[in-house]
Amino acid sequence: MGLPALEFSDCCLDSPHFRETLKSHEAELDKTNKFIKELIKDGKSLISALKNLSSAKRKFADSLNEFKFQCIGDAETDDEMCIAKSLQEFATVLRNLEDERIRMIENASEVLITPLEKFRKEQIGAAKEAKKKYDKETEKYCGILEKHLNLSSKKKESQLQEADSQVDLVRQHFYEVSLEYVFKVQEVQERKMFEFVEPLLAFLQGLFTFYHHGYELAKDFGDFKTQLTISIQNTRNRFEGTRSEVESLMKKMKENPLEHKTISPYTMEGYLYVQEKRHFGTSWVKHYCTYQRDSKQITMVPFDQKSGGKGGEDESVTLKSCTRRKTDSIEKRFCFDVEAVDRPGVITMQALSEEDRRLWMEAMDGREPVYNSNKDNQSEGTAQLDSVGFSIIRKCIHAVETRGINEQGLYRIVGVNSRVQKLLSVLMDPKTASETETDICAEWEIKTITSALKTYLRMLPGPLMMYQFQRSFIKAAKLENQESRVSEIHSLVHRLPEKNRQMLQLLMNHLANVANNHKQNLMTVANLGVVFGPTLLRPQEETVAAIMDIKFQNIVIEILIENHEKIFNTVPEVPLTNAQLHLSRKKSGDSKPPSCSERPLTLFHAMQSTEKQEQRNSIINSSLESVVSSNANSILNSSSSLQPNMNSSDPDLDVLKPTRPNSLQEEAVREDTSTPFRKAKALYACKAEHDSELSFTAGTVFENVHPSQEPGWLEGTLNGKTGLIPENYVEFL
C-alpha cells in the first residue's frame with residue numbers, strides 16, 4: 001500500500017489522523033535518506049572494487065603476455081603456433097576491455113555519486129529544515145493558545161480582543177508554515193521518483209556501454225576464436241586418440257541409470273499400505289501397486305524395501321470404484337477405499353501423503369465419500385441442483401438482468417440477511433417453485449436477489465465446481481501459459497456432472513453479461529472473480545494453503561467468464577497428462593497483452609472524491625474492452641434449452657450429497673463454527689452506514705475475524721468493539 005495523500009485542508013484541523021499521516025511521510029523520508037546514504041557508500045565501494053578489479057585484470061593480462069610456450073622438438077605445427085600465439089591475443093583483448101572499464105569508472109562518480117549527494121543534501125535536507133521550523137511553530141502556537149485559554153474572563157474587553165487578535169495571527173502563521181511543510185514533504189516524495197532514479201539509470205547506461213564494448217571486442221575476436229578452437233580440438237584428438245573409447249566406456253558406467261528411466265506404461269504406480277484382516281485383528285501391509293486406466297487393472301505386489309523381498313503373492317483386480325475415506329471414519333490418514341469387480345468387499349488403502357492420495361484418486365477417477373443415510377427423508381427447503389434449483393437461479397438472473405444490471409456494486413453489495421432468508425424461503429417453497437413462469441416481485445431489492453443467488457449456491461451439498469476437481473482447477477490457474485490455463489479449465493469443466501456444468505454455464509453467461517455493463521455497475525471480470533471464486537470453488541478443508549489459493553480461485557472464475565462461449569459451447573481437446581502439465585508450468589508465457597485473469601485483482605471499494613472517482617472509473621472502464629459482449633435475452637433463451645431432465649438419476653451427483661442442515665440458519669452457524677478466528681488487515685478505508693458495521697482506515701488490523709451470517713461480510717473486533725467488515729475490503733494476515 002502507498003502512502004496516503006497529505007491534504008492541505010487537513011493542515012488547518014491538525015487532527016491526530018493528519019499527524020499520523022504526516023509522521024508516515026516523515027518516516028518514509030528518513031528511510032529514503034538512510035537508503036541513499038547507504039547507496040552512496042555502497043556506490044563508492046563498488047567504484048573502488050571496480051578499480052581493484054581492473055588493476056588485477058591488467059596484471060593478469062601482463063602475466064599472459066609474458067608467458068611463452070616451449071614445444072618439444074625443433075619444429076611446431078600450425079595448431080601449436082596458433083595455441084602459442086593465443087596468450088598474447090588474450091592479453092590484448094583484456095587490456096582493451098580494461099581501458100573501457102577505466103572510462104566507465106571515471107564517469108561513474110559524476111553520474112551516480114554526485115547527483116545522489118546533491119538530492120540528499122538539497123531536497124531531503126530542506127525537508128528536515130522545514131520540519132524543524134514546523135515543530136518550532138507548533139510548540140509556539142500551542143503555548144500561546146494555552147495561555148490565551150487561561151486568560152480570565154474578567155479582563156477588559158479591549159485586552160481580550162487584543163489577545164484574540166494575537167492568537168489569530170499566530171494561528172495564521174502556524175497554518176502557513178504547516179502548508180509550506182506539507183508542500184515540501186510531498187514535493188520531495190514526488191521528486192525522488194525521478195531525481196533519485198535518474199542517476200541510477202545513467203550509471204546503468206555506463207555499464208551497458210561497457211558491456212557493449214565487450215560485445216564488440218568478442219565479435220572482432222570471433223575469427224581467431226574459431227581458428228583457436230579448431231587447433232585445440234585437433235591437438236586434443238591426437239592426444240586422446242588411444243584412450244577415447246576406454247574413457248567413453250568408463251563415463252557410461254559412471255552415469256546414473258535413473259537419468260535414463262523409461263516412460264512408465266502405467267497410469268499410476270507407487271507404494272501403498274493395504275489393510276488386511278487377520279484372525280487377531282487388522283494389519284497394514286506395504287505393497288507396490290500399479291494401475292492401468294484403460295483396462296482398470298490394479299496390481300498389488302507385497303514388498304518391503306527393508307527386507308528386500310516380496311512378502312506374498314501378486315494380486316490383480318479390476319477396479320469398480322474408488323472413494324476417499326473421511327478423516328473421522330478411520331484412525332489412519334490419507335486413506336481411500338477401492339471396490340473391485342472380481343473381489344468381494346472393500347479394499348482400504350493408505351497413500352504416503354495427501355498429495356499421493358490425490359494422484360491415486362485422480363488416476364482412478366475417485367469420488368468423495370457418501371455419508372447420507374437419510375437421503376429419502378430429507379426435509380424440504382434444501383438447496384439442490386434439481387428443477388427447483390434451476391428455477392430459482394433463473395428467476396434471480398432474470399430479475400437482475402431486467403431490473404438491476406446497471407446497479408453499482410452488483411453482487412458485491414449484500415442484502416439484509418433476514419430479507420435474503422425470507423426470499424429464499426419463498427423461492428424454495430414447493431408451491432411457488434413449480435410456477436416457472438412467475439417472476440420475482442419488484443418489491444424485492446436487487447441486492448437481496450443477488451445475495452439470495454449467492455446464498456443458494458453456498459447451500460448446495462458441495463461447491464458447484466465440486467471438491468474433487470478443486471485442486472485441479474487451482475493447478476490449471478497456476479500454469480504460466482494463458483492458453484494452457486484456458487485449455488485445462490475447458491477440459492475440467494467438461495468432466496463435471498451434467499447438472500453442475502449446466503448450472504455453471506447458466507451462471508457464467510449471466511456474469512459475462514454483468515461484466516459487459518461494468519461501466520455502469522463497476523463490476524469488472526476481476527471483481528466478479530473475487531465475489532464468486534470462494535463460492536464456486538470453496539475447499540473441503542480450510543487451511544492456510546487453501547486461503548493462499550483464493551486468488552487462483554478468482555482467476556479460474558475470470559477465465560470462465562472471459563471464455564464462456566468457447567468453454568461451454570465447444571468440445572475440449574484431449575486433456576493433458578500430469579507430466580505434460582508439469583512441462584507446461586516450466587514454459588514461459590507467450591508475449592501477449594495480459595488478460596483480466598493475468599492482471600492483479602481489482603477490488604471494488606468505497607468512493608472518495610468526485611475527481612478521483614472519475615479517474616478511477618475511467619481506469620476500470622478501459623480494463624474490460626476485450627470482454628465478450630452478450631445480451632440478457634440470449635442468455636435466458638440459451639439457458640432454457642439447457643434445462644436438465646430432473647427425473648433422471650445422476651450417480652456423480654449422488655456421491656456428493658452429505659447430510660444437510662435442517663434450516664438455512666443452521667447452515668450458516670455450521671460454517672461459522674468451523675472457521676478459525678484470525679487477524680486481518682484493511683486494504684481500503686470504509687465508513688460505517690449502520691451501527692452493526694465498523695468504520696476503519698486503510699491498514700487497520702482487526703482481531704478475531706471470522707465469517708458472519710451476513711453473506712459478503714466478515715465479523716471482527718477493533719478497539720474492543722465487534723462489528724461487520726466487508727469481506728472484499730480486507731486480507732488475512
# chains A, B, ... in the order shown; residues from 1 in each chain; ligands from 1
>>> residues_around(residues="Gly699 (chain A)", least_positions_apart="2", cutoff="10 Å", atoms="only C-alpha atoms", output="PyMOL selection string")
chain A and resi 1+680-685+696-697+701-702+730
>>> write_last_selection(atoms="C-alpha atoms", output="mmCIF file, in the first residue's frame")
data_model
loop_
_atom_site.group_PDB
_atom_site.id
_atom_site.type_symbol
_atom_site.label_atom_id
_atom_site.label_comp_id
_atom_site.auth_asym_id
_atom_site.auth_seq_id
_atom_site.Cartn_x
_atom_site.Cartn_y
_atom_site.Cartn_z
ATOM 1 C CA MET A 1 0.000 0.000 0.000
ATOM 2 C CA ALA A 680 -6.937 -9.358 9.011
ATOM 3 C CA LYS A 681 -5.740 -6.023 7.617
ATOM 4 C CA ALA A 682 -7.879 -3.435 5.854
ATOM 5 C CA LEU A 683 -6.979 -2.785 2.205
ATOM 6 C CA TYR A 684 -9.227 0.284 1.931
ATOM 7 C CA ALA A 685 -10.938 2.775 4.172
ATOM 8 C CA PHE A 696 -11.829 1.995 9.636
ATOM 9 C CA THR A 697 -8.940 3.330 7.573
ATOM 10 C CA VAL A 701 -5.688 -4.526 11.796
ATOM 11 C CA PHE A 702 -8.724 -6.442 13.085
ATOM 12 C CA VAL A 730 -9.540 -6.957 3.939
#
>>> residues_around(residues="region 465-476 of chain A", least_positions_apart="4", cutoff="6 Å", atoms="only C-alpha atoms", output="number ranges by chain")
A: 485, 488, 536-537, 552
>>> atom_distance(atom1="CA of His17 (chain A)", atom2="CA of Cys142 (chain A)")
17.9 Å
>>> atom_distance(atom1="CA of Arg678 (chain A)", atom2="CA of Phe732 (chain A)")
7.2 Å
>>> select_by_dssp(residues="region 163-340 of chain A", states="alpha helix (DSSP H)", output="ChimeraX atom specification")
/A:163-191,197-240,244-254
>>> decode(residues="region 405-421 of chain A", atoms="N, CA, C and O atoms", output="compact mmCIF listing (two decimals), in the first residue's frame")
# COMPACT_ATOMS: atom_id res chain seq x y z
N ILE A 405 -29.27 -4.57 -13.84
CA ILE A 405 -27.96 -4.89 -14.43
C ILE A 405 -26.95 -3.75 -14.30
O ILE A 405 -25.75 -3.97 -14.32
N ASN A 406 -27.45 -2.52 -14.14
CA ASN A 406 -26.56 -1.35 -14.08
C ASN A 406 -26.36 -0.83 -12.67
O ASN A 406 -25.75 0.23 -12.49
N GLU A 407 -26.85 -1.53 -11.65
CA GLU A 407 -26.66 -1.07 -10.28
C GLU A 407 -25.20 -1.21 -9.87
O GLU A 407 -24.58 -2.25 -10.06
N GLN A 408 -24.65 -0.14 -9.28
CA GLN A 408 -23.25 -0.17 -8.87
C GLN A 408 -23.04 -1.17 -7.74
O GLN A 408 -23.85 -1.29 -6.83
N GLY A 409 -21.92 -1.88 -7.84
CA GLY A 409 -21.59 -2.88 -6.82
C GLY A 409 -22.47 -4.11 -6.87
O GLY A 409 -22.62 -4.81 -5.87
N LEU A 410 -22.99 -4.42 -8.05
CA LEU A 410 -23.86 -5.58 -8.22
C LEU A 410 -23.11 -6.84 -7.77
O LEU A 410 -21.98 -7.08 -8.18
N TYR A 411 -23.75 -7.63 -6.91
CA TYR A 411 -23.22 -8.86 -6.31
C TYR A 411 -22.17 -8.59 -5.23
O TYR A 411 -21.87 -9.48 -4.44
N ARG A 412 -21.60 -7.40 -5.17
CA ARG A 412 -20.67 -7.10 -4.08
C ARG A 412 -21.42 -6.57 -2.86
O ARG A 412 -21.14 -6.95 -1.74
N ILE A 413 -22.39 -5.67 -3.11
CA ILE A 413 -23.19 -5.13 -2.02
C ILE A 413 -24.22 -6.18 -1.61
O ILE A 413 -24.97 -6.69 -2.45
N VAL A 414 -24.25 -6.49 -0.31
CA VAL A 414 -25.09 -7.59 0.16
C VAL A 414 -26.41 -7.05 0.70
O VAL A 414 -26.51 -5.90 1.12
N GLY A 415 -27.41 -7.90 0.68
CA GLY A 415 -28.71 -7.55 1.22
C GLY A 415 -28.81 -7.88 2.70
O GLY A 415 -27.95 -8.53 3.28
N VAL A 416 -29.90 -7.41 3.31
CA VAL A 416 -30.16 -7.71 4.72
C VAL A 416 -30.43 -9.20 4.86
O VAL A 416 -31.22 -9.78 4.10
N ASN A 417 -29.78 -9.83 5.82
CA ASN A 417 -29.83 -11.29 5.93
C ASN A 417 -31.26 -11.80 6.12
O ASN A 417 -31.66 -12.80 5.52
N SER A 418 -32.05 -11.10 6.94
CA SER A 418 -33.42 -11.57 7.18
C SER A 418 -34.25 -11.52 5.90
O SER A 418 -35.05 -12.42 5.62
N ARG A 419 -34.03 -10.49 5.09
CA ARG A 419 -34.75 -10.38 3.82
C ARG A 419 -34.30 -11.47 2.84
O ARG A 419 -35.10 -12.04 2.11
N VAL A 420 -33.00 -11.75 2.84
CA VAL A 420 -32.46 -12.79 1.96
C VAL A 420 -33.06 -14.14 2.32
O VAL A 420 -33.49 -14.91 1.44
N GLN A 421 -33.10 -14.45 3.61
CA GLN A 421 -33.65 -15.73 4.05
C GLN A 421 -35.14 -15.83 3.70
O GLN A 421 -35.63 -16.89 3.32
